[in-house]
Amino acid sequence: MTAKEIRASSGRQLAEVIATGEALLRVKEVLPHGEFGEWLAAEFGWAERTAQNYMRATEAFGENPQRVADLPLRSLYTLAAQPPSARNRVLELTRERSPPSYGQTGKSVSARSTSAGKRRQRRAVRR
């Protein structure tokens with residue numbers, strides 16, 4: 001496989017993640033409360049966490065998937081699970097240099113979360 005073919009394949013993979021997330025969100029919406037997990041297990045043998053990865057990716061990046069087109073899927077899922085401020089910080093870094101690895105994504109998100117937690121603690125102490 002050439003680099004061009006690999007890039008094209010990665011783009012299709014991202015599009016499929018978004019499409020799968022959209023479909024899962026539609027199904028979840030119409031199923032009675034509490035039945036989504038059972039449906040996932042019966043249809044795919046999936047845990048809800050697997051479906052959540054797809055759905056979060058769709059909710060976070062579905063309108064502009066090109067923002068994350070160069071990220072590995074594991075990084076995509078990690079970012080999608082974070083608050084928008086943390087996602088945006090990591091995505092700003094990707095514009096400045098090459099896309100981060102999963103390990104770099106986790107460190108950026110963790111550092112951002114730790115800083116935010118410390119700020120919340122300081123505000124709580126001041127009150």
# chains A, B, ... in the order shown; residues from 1 in each chain; ligands from 1
>>> closest_atom_pairs(of="region 5-34 of chain A", to="region 62-80 of chain A", cutoff="12 Å", atoms="only C-alpha atoms", output="CSV")
residue,atom,partner,partner_atom,distance
A:Ile6,CA,A:Asp70,CA,11.4
A:Arg7,CA,A:Asp70,CA,8.7
A:Ala8,CA,A:Ala69,CA,10.4
A:Ser9,CA,A:Ala69,CA,11.1
A:Ser10,CA,A:Ala69,CA,7.8
A:Gly11,CA,A:Ala69,CA,6.5
A:Arg12,CA,A:Ala69,CA,9.7
A:Gln13,CA,A:Leu73,CA,8.7
A:Leu14,CA,A:Ala69,CA,6.9
A:Ala15,CA,A:Pro65,CA,7.7
A:Glu16,CA,A:Gly62,CA,10.8
A:Val17,CA,A:Leu73,CA,8.8
A:Ile18,CA,A:Gly62,CA,5.9
A:Ala19,CA,A:Gly62,CA,8.5
A:Thr20,CA,A:Gly62,CA,10.7
A:Gly21,CA,A:Gly62,CA,8.8
A:Glu22,CA,A:Gly62,CA,8.4
>>> write_last_selection(atoms="C-alpha atoms", output="PDB file, in the first residue's frame")
ATOM      1  CA  ILE A   6      -3.021   4.758   3.360  1.00  0.00           C
ATOM      2  CA  ARG A   7      -4.098   8.397   3.693  1.00  0.00           C
ATOM      3  CA  ALA A   8      -7.220   7.688   1.669  1.00  0.00           C
ATOM      4  CA  SER A   9      -7.976   4.642   3.802  1.00  0.00           C
ATOM      5  CA  SER A  10      -7.552   6.674   7.001  1.00  0.00           C
ATOM      6  CA  GLY A  11      -9.962   9.286   5.665  1.00  0.00           C
ATOM      7  CA  ARG A  12     -12.556   6.623   4.908  1.00  0.00           C
ATOM      8  CA  GLN A  13     -12.041   5.146   8.363  1.00  0.00           C
ATOM      9  CA  LEU A  14     -12.794   8.502  10.017  1.00  0.00           C
ATOM     10  CA  ALA A  15     -15.879   8.943   7.824  1.00  0.00           C
ATOM     11  CA  GLU A  16     -17.081   5.486   8.859  1.00  0.00           C
ATOM     12  CA  VAL A  17     -16.553   6.259  12.556  1.00  0.00           C
ATOM     13  CA  ILE A  18     -18.674   9.401  12.182  1.00  0.00           C
ATOM     14  CA  ALA A  19     -21.355   7.558  10.191  1.00  0.00           C
ATOM     15  CA  THR A  20     -21.445   4.727  12.734  1.00  0.00           C
ATOM     16  CA  GLY A  21     -21.743   7.231  15.581  1.00  0.00           C
ATOM     17  CA  GLU A  22     -24.647   8.960  13.821  1.00  0.00           C
TER      18      GLU A  22
END
>>> atom_distance(atom1="CA of His33 (chain A)", atom2="CA of Arg87 (chain A)")
29.3 Å
>>> atom_distance(atom1="CA of Ala47 (chain A)", atom2="CA of Leu91 (chain A)")
28.3 Å
